[in-house]
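Everything below belongs to upload-v5.cif, which stores mmCIF, C-alpha atoms.
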data_upload
loop_
_atom_site.label_atom_id
_atom_site.label_comp_id
_atom_site.auth_asym_id
_atom_site.auth_seq_id
_atom_site.Cartn_x
_atom_site.Cartn_y
_atom_site.Cartn_z
CA MET A 166 -32.45 72.83 44.86
CA GLU A 167 -30.56 75.94 43.75
CA ALA A 168 -32.06 75.52 40.34
CA ASP A 169 -35.39 75.82 42.01
CA ILE A 170 -34.45 79.04 43.79
CA GLU A 171 -33.24 80.55 40.54
CA LYS A 172 -36.48 79.56 38.86
CA LEU A 173 -38.49 80.70 41.83
CA VAL A 174 -37.06 84.20 42.01
CA SER A 175 -37.32 84.71 38.30
CA THR A 176 -41.01 83.75 38.16
CA LYS A 177 -42.53 84.79 41.50
CA SER A 178 -42.59 87.90 43.59
CA PHE A 179 -42.21 87.67 47.34
CA LYS A 180 -45.95 88.09 47.80
CA ASP A 181 -46.69 85.20 45.48
CA LEU A 182 -44.60 82.75 47.51
CA THR A 183 -46.41 80.11 49.51
CA ILE A 184 -45.66 79.60 53.20
CA GLN A 185 -44.02 76.27 52.31
CA GLU A 186 -41.69 77.98 49.85
CA ARG A 187 -40.81 80.71 52.34
CA ASN A 188 -39.97 78.08 54.95
CA GLU A 189 -37.95 76.06 52.48
CA TRP A 190 -35.75 79.03 51.56
CA ALA A 191 -35.63 80.61 54.98
CA ASP A 192 -31.83 80.25 55.00
CA LEU A 193 -31.55 82.50 51.96
CA PHE A 194 -34.12 85.17 52.69
CA SER A 195 -36.51 86.03 55.48
CA THR A 196 -37.73 89.40 54.38
CA GLU A 197 -39.10 90.80 51.14
CA GLU A 198 -36.05 93.01 50.80
CA GLU A 199 -33.69 90.06 50.94
CA TYR A 200 -35.82 88.18 48.45
CA GLU A 201 -35.87 91.10 46.02
CA GLN A 202 -32.09 91.54 46.36
CA MET A 203 -31.61 87.95 45.43
CA ARG A 204 -34.09 88.25 42.60
CA SER A 205 -32.31 91.24 41.07
CA MET A 206 -29.01 89.44 41.42
CA PHE A 207 -30.27 86.41 39.47
CA LEU A 208 -31.89 88.61 36.84
CA GLY A 209 -28.62 90.48 36.40
CA LEU A 210 -26.79 87.18 36.26
CA GLU A 211 -28.56 86.41 33.01
CA THR A 212 -26.60 89.16 31.32
CA ILE A 213 -23.42 87.71 32.80
CA LYS A 214 -24.21 84.29 31.37
CA GLU A 215 -24.84 85.78 27.95
CA GLU A 216 -21.48 87.46 27.99
CA GLU A 217 -19.15 85.52 25.73
CA PHE A 218 -15.42 85.39 25.86
CA GLU A 219 -13.63 84.31 22.74
CA PRO A 220 -10.05 83.14 23.13
CA SER A 221 -7.70 84.84 20.68
CA ALA A 222 -6.65 82.98 17.54
CA LYS A 223 -3.04 82.72 18.71
CA VAL A 224 -4.12 80.40 21.52
CA LYS A 225 -5.63 77.96 19.03
CA ARG A 226 -2.69 78.26 16.66
CA SER A 227 -0.28 77.51 19.46
CA LEU A 228 -2.35 74.50 20.52
CA ASP A 229 -2.55 73.26 16.94
CA ASP A 230 1.23 73.41 16.69
CA LEU A 231 1.52 71.60 19.98
CA PHE A 232 -0.89 68.94 18.78
CA GLU A 233 1.11 68.38 15.61
CA GLN A 234 4.32 68.28 17.58
CA THR A 235 2.99 65.85 20.17
CA HIS A 236 1.23 63.42 17.88
CA GLY A 237 3.85 63.77 15.15
CA MET A 238 6.39 62.84 17.80
CA LYS A 239 4.28 59.81 18.69
CA ALA A 240 4.52 58.65 15.10
CA GLY A 241 8.28 59.20 15.28
CA VAL A 242 8.49 57.13 18.43
CA VAL A 243 6.63 54.30 16.73
CA LYS A 244 9.05 54.47 13.79
CA THR A 245 12.04 54.49 16.14
CA SER A 246 10.74 51.54 18.12
CA LEU A 247 10.16 49.62 14.86
CA TRP A 248 13.73 50.35 13.79
CA THR A 249 15.15 49.21 17.13
CA ARG A 250 13.15 46.00 16.81
CA ILE A 251 14.33 45.13 13.32
CA PHE A 252 17.87 46.44 13.75
CA PRO A 253 18.77 46.07 17.44
CA GLN A 254 22.19 47.38 18.25
CA GLU A 255 22.73 44.92 21.09
CA LYS A 256 22.58 41.89 18.76
CA SER A 257 25.41 40.78 16.50
CA PHE A 258 25.13 41.86 12.87
CA PHE A 259 23.89 38.56 11.46
CA GLN A 260 21.37 38.09 14.29
CA ARG A 261 19.57 41.33 13.47
CA PRO A 262 16.15 40.63 11.94
CA LEU A 263 16.64 43.20 9.19
CA VAL A 264 19.89 41.53 8.10
CA GLN A 265 18.26 38.11 8.21
CA MET A 266 15.33 39.31 6.18
CA ALA A 267 17.69 40.88 3.67
CA ALA A 268 19.67 37.62 3.42
CA ALA A 269 16.48 35.65 2.86
CA LEU A 270 15.46 38.10 0.17
CA VAL A 271 18.83 37.77 -1.57
CA LEU A 272 18.51 33.95 -1.51
CA VAL A 273 15.05 34.17 -3.01
CA LEU A 274 16.28 36.57 -5.67
CA LEU A 275 19.16 34.25 -6.48
CA ALA A 276 16.90 31.22 -6.65
CA ILE A 277 14.43 32.79 -9.02
CA PRO A 278 16.83 32.84 -12.04
CA PHE A 279 17.79 29.21 -11.33
CA PHE A 280 14.20 28.06 -11.59
CA THR A 281 13.69 30.34 -14.53
CA GLN A 282 16.74 28.82 -16.30
CA ASN A 283 15.50 25.25 -15.78
CA SER A 284 12.21 26.11 -17.17
CA PHE A 285 14.01 27.90 -20.04
CA LYS A 286 16.03 24.78 -20.78
CA ASN A 287 12.89 22.72 -20.81
CA ASP A 288 11.36 25.24 -23.10
CA VAL A 289 14.38 25.08 -25.39
CA VAL A 290 14.25 21.27 -25.53
CA GLN A 291 10.58 21.37 -26.17
CA MET A 292 11.04 23.97 -28.85
CA ALA A 293 13.82 21.91 -30.44
CA LYS A 294 11.57 18.88 -30.53
CA GLU A 295 8.81 20.89 -32.00
CA ASP A 296 11.22 22.34 -34.53
CA SER A 297 12.53 18.95 -35.65
CA PHE A 298 9.03 17.64 -35.96
CA GLY A 299 8.08 20.73 -37.90
CA ALA A 300 11.15 20.39 -40.08
CA LYS A 301 10.21 16.84 -41.03
CA LYS A 302 6.79 18.01 -41.86
CA ASN A 303 8.15 20.90 -43.84
CA SER A 304 10.64 18.72 -45.71
CA THR A 305 7.81 16.55 -46.89
CA THR A 306 5.86 19.54 -47.91
CA THR A 307 8.80 21.35 -49.49
CA GLU A 308 10.01 18.24 -51.29
CA MET A 309 6.65 17.68 -52.72
CA PRO A 310 7.09 20.04 -55.66
CA VAL A 311 10.45 18.42 -56.44
CA ALA A 312 8.86 15.02 -56.42
CA GLU A 313 6.10 16.39 -58.52
CA LEU A 314 8.62 17.94 -60.82
CA ASN A 315 10.51 14.65 -60.91
CA SER A 316 7.41 12.85 -61.78
CA GLU A 317 6.61 15.53 -64.30
CA GLY A 318 10.14 15.32 -65.55
CA SER A 319 10.03 11.57 -65.79
CA ILE A 320 6.77 11.82 -67.62
CA SER A 321 8.35 14.25 -69.92
CA LYS A 322 11.38 12.01 -70.20
CA ASN A 323 9.35 8.90 -70.66
CA SER A 324 7.00 10.49 -73.00
CA ALA A 325 9.94 11.89 -74.90
CA ALA A 326 11.54 8.45 -75.07
CA SER A 327 8.41 6.73 -76.12
CA GLY A 328 7.33 9.47 -78.44
CA ALA A 329 3.88 9.19 -77.14
CA LEU A 330 3.48 12.93 -76.96
CA ASP A 331 3.30 14.99 -80.04
CA GLU A 332 6.01 17.36 -79.10
CA SER A 333 8.40 14.97 -77.39
CA PRO A 334 9.46 12.53 -80.18
CA LEU A 335 11.99 14.99 -81.38
CA VAL A 336 13.79 14.75 -78.13
CA ALA A 337 13.83 11.01 -78.44
CA ASP A 338 15.16 11.46 -81.93
CA ALA A 339 17.86 13.68 -80.69
CA GLU A 340 18.98 11.07 -78.21
CA MET A 341 19.00 8.61 -80.98
CA VAL A 342 20.96 11.06 -83.09
CA MET A 343 23.46 11.27 -80.27
CA ALA A 344 23.86 7.53 -80.24
CA GLU A 345 24.28 7.45 -84.00
CA ALA A 346 26.55 10.46 -83.99
CA GLU A 347 29.49 8.31 -82.95
CA ASP A 348 29.41 6.92 -86.42
CA MET A 349 29.59 10.33 -88.03
CA SER A 350 32.66 12.17 -88.91
CA GLU A 351 33.82 14.65 -86.44
CA ASP A 352 33.10 17.54 -88.81
CA GLN A 353 29.61 16.39 -89.38
CA VAL A 354 29.08 15.91 -85.87
CA MET A 355 30.48 19.24 -85.05
CA SER A 356 28.54 20.96 -87.77
CA ALA A 357 25.38 19.20 -87.03
CA PRO A 358 22.98 20.91 -84.76
CA VAL A 359 23.11 17.92 -82.48
CA PRO A 360 25.14 19.77 -79.87
CA SER A 361 22.27 22.07 -79.62
CA ILE A 362 20.11 19.06 -79.15
CA ALA A 363 22.64 17.65 -76.76
CA HIS A 364 22.80 20.98 -75.10
CA SER A 365 19.14 21.00 -74.99
CA ASP A 366 19.24 17.59 -73.45
CA LEU A 367 21.81 18.70 -70.92
CA ASP A 368 19.68 21.62 -70.19
CA PHE A 369 16.85 19.28 -69.74
CA GLU A 370 18.89 17.24 -67.31
CA ARG A 371 19.74 20.38 -65.44
CA GLN A 372 16.27 21.65 -65.63
CA GLU A 373 15.00 18.34 -64.42
CA ASN A 374 16.85 18.97 -61.17
CA SER A 375 16.07 22.59 -61.04
CA GLY A 376 12.41 22.03 -61.57
CA TYR A 377 12.13 23.56 -64.99
CA ALA A 378 11.29 20.36 -66.85
CA ALA A 379 8.17 21.79 -68.29
CA ALA A 380 10.06 24.71 -69.76
CA ALA A 381 12.67 22.33 -71.15
CA ALA A 382 9.99 20.31 -72.81
CA VAL A 383 8.81 23.45 -74.50
CA LYS A 384 12.41 24.14 -75.51
CA SER A 385 12.76 20.65 -76.95
CA THR A 386 9.75 21.29 -79.04
CA SER A 387 11.44 24.29 -80.53
CA VAL A 388 14.46 22.10 -81.43
CA ALA A 389 12.18 19.84 -83.39
CA GLU A 390 11.30 22.74 -85.52
CA GLN A 391 14.91 23.25 -86.63
CA LYS A 392 15.43 22.12 -90.27
CA GLY A 393 19.12 21.24 -89.86
CA VAL A 394 18.37 18.65 -87.29
CA LEU A 395 15.75 17.10 -89.47
CA ASP A 396 18.11 17.01 -92.42
CA LEU A 397 20.80 15.41 -90.28
CA LEU A 398 18.38 12.81 -89.15
CA ILE A 399 17.38 12.07 -92.72
CA VAL A 400 21.02 11.77 -93.75
CA THR A 401 21.66 9.47 -90.87
CA PHE A 402 18.86 7.16 -91.79
CA MET B 219 -20.23 62.52 19.78
CA SER B 220 -19.87 62.83 23.55
CA ASP B 221 -17.03 64.68 25.25
CA GLU B 222 -15.69 61.38 26.52
CA ASP B 223 -15.63 59.86 23.02
CA LEU B 224 -13.81 62.92 21.77
CA MET B 225 -11.20 62.48 24.47
CA ARG B 226 -10.63 58.89 23.38
CA SER B 227 -10.17 60.11 19.82
CA ILE B 228 -7.71 62.76 20.99
CA SER B 229 -5.70 59.99 22.67
CA ASN B 230 -5.50 58.36 19.24
CA GLY B 231 -4.19 61.58 17.76
CA GLU B 232 -7.33 62.70 15.95
CA ARG B 233 -7.05 66.38 15.29
CA LYS B 234 -10.75 66.92 14.54
CA ALA B 235 -11.71 65.59 17.95
CA PHE B 236 -9.44 68.13 19.56
CA ASP B 237 -10.92 70.92 17.46
CA GLU B 238 -14.39 69.88 18.58
CA ILE B 239 -13.56 69.76 22.26
CA TYR B 240 -11.86 73.13 21.95
CA ALA B 241 -14.92 74.60 20.26
CA ARG B 242 -17.14 73.29 23.06
CA TYR B 243 -15.09 74.37 26.05
CA SER B 244 -12.73 77.17 25.16
CA LYS B 245 -15.28 79.97 25.59
CA PRO B 246 -16.87 78.85 28.88
CA LEU B 247 -13.44 78.06 30.28
CA LEU B 248 -12.13 81.46 29.31
CA ALA B 249 -15.15 83.04 30.96
CA TYR B 250 -14.54 80.94 34.05
CA PHE B 251 -10.87 81.87 34.22
CA MET B 252 -11.67 85.51 33.59
CA ARG B 253 -13.98 85.60 36.59
CA MET B 254 -11.73 83.48 38.74
CA LEU B 255 -8.60 85.46 37.89
CA TRP B 256 -9.68 89.02 38.49
CA LYS B 257 -10.76 89.71 34.93
CA ASP B 258 -7.21 89.40 33.73
CA ARG B 259 -7.80 88.40 30.12
CA GLU B 260 -4.19 87.70 29.29
CA LYS B 261 -3.79 85.43 32.26
CA ALA B 262 -7.12 83.77 31.54
CA GLU B 263 -6.05 83.03 27.96
CA ASP B 264 -2.79 81.60 29.23
CA PHE B 265 -4.73 79.34 31.53
CA VAL B 266 -7.00 78.22 28.70
CA HIS B 267 -3.93 77.46 26.65
CA ASP B 268 -2.28 75.55 29.48
CA LEU B 269 -5.37 73.52 30.16
CA PHE B 270 -5.82 72.48 26.54
CA ALA B 271 -2.10 71.84 26.29
CA LYS B 272 -2.54 69.30 29.10
CA ILE B 273 -5.35 67.70 27.11
CA VAL B 274 -3.15 67.51 24.02
CA GLN B 275 -0.03 66.25 25.75
CA LYS B 276 -1.55 64.01 28.38
CA PRO B 277 -5.01 62.95 27.29
CA GLU B 278 -4.54 59.78 29.32
CA TYR B 279 -4.84 61.89 32.47
CA PHE B 280 -8.54 62.05 31.78
CA ASP B 281 -10.31 59.29 33.65
CA VAL B 282 -12.74 57.85 31.10
CA THR B 283 -15.04 56.68 33.89
CA ARG B 284 -15.65 60.32 34.80
CA ALA B 285 -17.61 62.98 32.98
CA PHE B 286 -15.31 65.21 30.96
CA LYS B 287 -17.16 68.34 32.02
CA THR B 288 -16.56 67.79 35.73
CA TRP B 289 -13.00 66.70 35.08
CA VAL B 290 -12.11 69.75 33.00
CA TYR B 291 -13.61 72.13 35.55
CA SER B 292 -11.82 70.39 38.38
CA VAL B 293 -8.56 70.89 36.47
CA ALA B 294 -9.45 74.52 35.83
CA ASN B 295 -10.31 75.01 39.46
CA ASN B 296 -7.05 73.45 40.61
CA MET B 297 -5.15 75.73 38.26
CA CYS B 298 -6.88 78.71 39.81
CA LYS B 299 -6.09 77.48 43.31
CA ASN B 300 -2.43 77.19 42.39
CA GLU B 301 -2.54 80.71 41.06
CA TYR B 302 -4.10 81.95 44.29
CA LYS B 303 -1.30 80.33 46.23
CA LYS B 304 1.28 81.98 44.01
CA GLN B 305 -0.41 85.31 44.49
CA GLU B 306 -0.48 84.79 48.24
CA VAL B 307 3.26 84.22 48.21
CA ARG B 308 3.81 87.35 46.14
CA LYS B 309 1.44 89.29 48.32
CA GLY B 310 3.69 88.55 51.26
CA THR B 311 6.72 89.87 49.42
CA GLN B 312 5.26 92.73 47.42
CA ASN B 313 3.22 95.72 48.41
CA ASN B 314 1.46 96.46 45.14
CA LEU B 315 -0.43 93.21 44.80
CA ASP B 316 -3.75 94.58 45.83
CA SER B 317 -4.14 95.90 42.33
CA GLN B 318 -4.30 92.26 41.13
CA TYR B 319 -7.46 91.76 43.13
CA HIS B 320 -8.88 95.11 42.37
CA ILE B 321 -11.34 95.48 39.56
CA SER B 322 -11.01 98.72 37.73
CA ASP B 323 -13.46 101.21 39.02
CA GLU B 324 -13.88 103.01 35.74
CA SER B 325 -17.52 102.07 35.49
CA SER B 326 -18.38 103.93 38.69
CA ASN B 327 -17.48 107.14 36.90
CA VAL B 328 -19.76 106.42 33.98
CA MET B 329 -23.12 107.27 35.48
CA GLY B 330 -25.00 107.22 32.24
CA GLU B 331 -24.04 103.71 31.18
CA VAL B 332 -26.57 101.03 30.57
CA GLN B 333 -27.76 99.24 33.70
CA ASP B 334 -26.60 95.74 32.71
CA VAL B 335 -23.08 96.98 32.01
CA PHE B 336 -23.06 98.62 35.42
CA PHE B 337 -24.41 95.48 36.98
CA ARG B 338 -21.73 93.43 35.29
CA GLU B 339 -19.01 95.56 36.73
CA ALA B 340 -20.55 95.39 40.17
CA PHE B 341 -20.97 91.68 39.87
CA GLU B 342 -17.34 91.16 38.91
CA LYS B 343 -16.32 93.34 41.79
CA GLY B 344 -18.48 91.27 44.10
CA MET B 345 -16.98 88.07 42.75
CA VAL B 346 -13.50 89.29 43.49
CA LYS B 347 -14.46 90.08 47.03
CA LEU B 348 -16.14 86.76 47.47
CA ASP B 349 -14.15 84.04 49.14
CA GLU B 350 -12.44 81.62 46.74
CA LYS B 351 -14.32 78.48 47.75
CA HIS B 352 -17.68 80.26 47.49
CA ARG B 353 -16.76 81.95 44.23
CA GLU B 354 -15.85 78.70 42.51
CA VAL B 355 -19.06 76.91 43.43
CA PHE B 356 -21.19 79.92 42.54
CA LEU B 357 -19.54 80.33 39.12
CA LEU B 358 -19.75 76.65 38.38
CA ARG B 359 -23.37 76.49 39.41
CA HIS B 360 -24.86 79.72 38.14
CA VAL B 361 -22.55 80.82 35.34
CA GLN B 362 -21.11 77.60 33.93
CA GLY B 363 -24.33 75.69 34.57
CA LEU B 364 -23.00 72.58 36.33
CA SER B 365 -25.34 70.68 38.61
CA THR B 366 -24.72 70.33 42.34
CA LYS B 367 -23.65 66.75 41.75
CA GLU B 368 -21.21 67.70 39.00
CA ILE B 369 -19.71 70.44 41.15
CA ALA B 370 -19.34 67.97 44.01
CA GLU B 371 -17.51 65.60 41.67
CA ALA B 372 -15.33 68.29 40.18
CA LEU B 373 -14.29 69.77 43.49
CA GLN B 374 -14.39 66.46 45.32
CA ILE B 375 -16.61 67.72 48.06
CA ASN B 376 -20.04 66.46 49.09
CA GLU B 377 -23.23 67.86 47.65
CA GLY B 378 -24.34 69.34 50.96
CA THR B 379 -21.21 71.45 51.08
CA VAL B 380 -21.81 72.61 47.54
CA LYS B 381 -25.34 73.69 48.41
CA SER B 382 -24.34 75.57 51.54
CA ARG B 383 -21.54 77.36 49.69
CA VAL B 384 -23.86 78.30 46.88
CA PHE B 385 -26.34 79.63 49.40
CA TYR B 386 -23.69 81.70 51.04
CA ALA B 387 -22.45 83.08 47.73
CA ILE B 388 -25.98 84.00 46.66
CA LYS B 389 -26.60 85.79 49.92
CA TYR B 390 -23.31 87.60 49.76
CA LEU B 391 -23.70 88.72 46.15
CA SER B 392 -27.29 89.76 46.74
CA GLU B 393 -26.05 92.04 49.47
CA GLU B 394 -23.25 93.36 47.28
CA LEU B 395 -25.63 94.06 44.42
CA LYS B 396 -28.47 95.49 46.43
CA MET B 397 -28.05 98.85 44.69
CA PHE B 398 -29.69 97.20 41.67
CA ASN B 399 -32.61 96.07 43.71
CA PRO B 400 -35.65 98.08 42.68
CA VAL B 401 -37.23 97.58 46.11
CA PHE B 402 -34.09 98.90 47.78
CA ASN B 403 -33.91 101.84 45.40
CA ARG B 404 -37.42 102.79 46.17
#
Conversion result in C-alpha cells:
Amino acid sequence: MEADIEKLVSTKSFKDLTIQERNEWADLFSTEEEYEQMRSMFLGLETIKEEEFEPSAKVKRSLDDLFEQTHGMKAGVVKTSLWTRIFPQEKSFFQRPLVQMAAALVLVLLAIPFFTQNSFKNDVVQMAKEDSFGAKKNSTTTEMPVAELNSEGSISKNSAASGALDESPLVADAEMVMAEAEDMSEDQVMSAPVPSIAHSDLDFERQENSGYAAAAAVKSTSVAEQKGVLDLLIVTF
Amino acid sequence: MSDEDLMRSISNGERKAFDEIYARYSKPLLAYFMRMLWKDREKAEDFVHDLFAKIVQKPEYFDVTRAFKTWVYSVANNMCKNEYKKQEVRKGTQNNLDSQYHISDESSNVMGEVQDVFFREAFEKGMVKLDEKHREVFLLRHVQGLSTKEIAEALQINEGTVKSRVFYAIKYLSEELKMFNPVFNR
C-alpha cells in the first residue's frame, strides 16, 4: 500500500487524484498542502536513497582476519578431535588406535621380507635347476669340438697308421722306427732324428688332447721331409 | 546464488561466499546504521563490523527457513535498540548527551548550497527527531526498500502495525520537511 502512495505522489498532482484515491489515503493527507508536503518529501527521499555509504577498508580487513581465525580454528578443532580419537589419553597405551595401527604396520613390514625371502629361495632353486640344465646343454655343446678334434685326431692317427693319406705315412714310419729303434745302438738311436719324430709324436699326443691335431699333422709332414730320418729308415731296412 | 545459499556456504567456511554477502549488504547496512545512529559514521562502521562478525563467528544463528534480508535487518535493528538503551542509561548520568542526538546544524548556515544537500540535512534531522519505532519502519520501507511483509518479519510485528507506523513517519517527516514544499513556499 505504501508503495502505491510513493508511486502516487511521484506521478500525480493533488488535482489529478480521483475521489477514490483521496478517500483511500485520507489518513495521510486531506488537503492539497499536506499532499504536496508528502510529495516533496518522497521526491527528496530519492536523493537520500542514492546516497551511498562505503565502509572503510579496515572493516573488511578486520573481518577477513576474523574469518581466517574462526574457520582456521575450526580446522584445528577437527585435527585435535582426530588426534584425541586415534590417541586417547584415557586408554592404556596398547589400547590406543594409533599404537595398534602402528603395531599392525610393523607386523606387515616384518612379514613382507619373509614372503620375499621364500620367493627368493624358490627363485634360487629354480635358477639352480635352470643352470644345471643349461650346464648339461653347454657341456654337450662345448665338448663337441673336442669330440670333433678327437675324431679328427683319430682320423689323423688312423690315417697315419694306415698310410692312407699322402702326408701321414711318414708318421707311421716313425712309429715303426721307434719300434725298431730298440734294436739300434744307443748312439745311433741318440744320433738319429727319431727323437724328433718321437717328440713329434709326443707333441701329437699332446696336441691330440689340446685340439691341435691338425697342426700336428702338418708338423709330421715336415718331419717326413727330413733326409736324416729317411736315411735312418733305409739303414734300418 | 541466493543470500540463503551464501549463508550455508559461509557455515562451511567458504570465504568467497562471505565476500559476496559483504558486498551485497555492507553499504545498505552502513547507510541504515548511519541514519539510525545519529549520523555517527564511526559508530555505524563499528556496528557493520559487529554484525558481520556475528555472521562469521555464528553463521548457524541464521535460521535458514527465513529470508536473510529480513533476518539481517532484524539483527541490525536489535543492535540499534540496544544502543538506544545504552544511550538512555548514559543520558540519565551525563548532561552532555544531547549532542549525540543532535545533527550538526552547519548546513543551516550555508544558504547557497544545493537544494538536495539541504534537504538531506533536514531529512536526517527529521529522522533523529522521529520516534525510534517509526524511524526504523520508515527507513526499512522507504530507504532500504523492504516490503511491509519483510519489515513485519524482521521486527516481529504484524503488517498492520508496520503500515500505521509508516503512515505516521511519512506524515511527521512531511511536516518536518515542509520548507521544501513548493506549494508551501509559494
(message) Env of Thr366 (chain B): 8 Å cut, atoms = all atoms listed in the file, seq-sep filter 6 positions within chain, self excluded. Answer as JSON, numbers by chain.
(response) {"B": [359, 377, 380, 381]}
(request) Compare A:Ser257, A:Lys172, A:Gln291, A:Ala267 by their minimum atom-to-atom distance to Glu211 (chain A), counting all atoms listed in the file, and give me the closest one. (result) A:Lys172
(request) Name all residues at most 9 Å from Ile388 (chain B) (count only C-alpha atoms; drop same-chain ones fewer than 6 positions away) and give them as a list in words. (result) Leu193, Met203, Met206 and Phe207 of chain A; Phe356 of chain B
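Taking all atoms listed in the file into account, chain B lies nearest to A:Ile213 out of the set A:Ile213, A:Val174, A:Leu182, A:Val264.
When all atoms listed in the file are used to compute distances to Glu217 (chain A), the closest of the residues B:Ala370, B:Leu224, B:Met252, B:Leu395 turns out to be B:Met252.
Of the residues under consideration (A:Glu233, A:Glu197, A:Asp181, A:Asp169), A:Asp169 shows the shortest atom-to-atom contact distance to Ser365 (chain B) when counting only C-alpha atoms.
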Picked residues, the PyMOL selection byres ((chain B) within 6 of (chain A)), as an mmCIF file with C-alpha atoms, keeping the file's coordinate frame:
data_model
loop_
_atom_site.group_PDB
_atom_site.id
_atom_site.type_symbol
_atom_site.label_atom_id
_atom_site.label_comp_id
_atom_site.auth_asym_id
_atom_site.auth_seq_id
_atom_site.Cartn_x
_atom_site.Cartn_y
_atom_site.Cartn_z
ATOM 1 C CA GLY B 231 -4.190 61.580 17.760
ATOM 2 C CA LYS B 245 -15.280 79.970 25.590
ATOM 3 C CA ALA B 249 -15.150 83.040 30.960
ATOM 4 C CA HIS B 267 -3.930 77.460 26.650
ATOM 5 C CA VAL B 274 -3.150 67.510 24.020
ATOM 6 C CA VAL B 361 -22.550 80.820 35.340
ATOM 7 C CA SER B 392 -27.290 89.760 46.740
ATOM 8 C CA LYS B 396 -28.470 95.490 46.430
ATOM 9 C CA ASN B 399 -32.610 96.070 43.710
#
(message) So the first atom is CA of Lys287 (chain B) and the second is CA of Ala271 (chain B); what is the distance between them in Å, to one decimal place?
(response)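 Spanning CA of Lys287 (chain B) to CA of Ala271 (chain B) is a straight-line distance of 16.5 Å.
Residues matched by the PyMOL selection byres ((chain B and resi 227) around 12) in this structure: B:Met219, B:Ser220, B:Asp221, B:Glu222, B:Asp223, B:Leu224, B:Met225, B:Arg226, B:Ile228, B:Ser229, B:Asn230, B:Gly231, B:Glu232, B:Arg233, B:Lys234, B:Ala235, B:Phe236, B:Asp237, B:Glu238, B:Ile239, B:Ile273, B:Val274, B:Pro277, B:Glu278, B:Val282.
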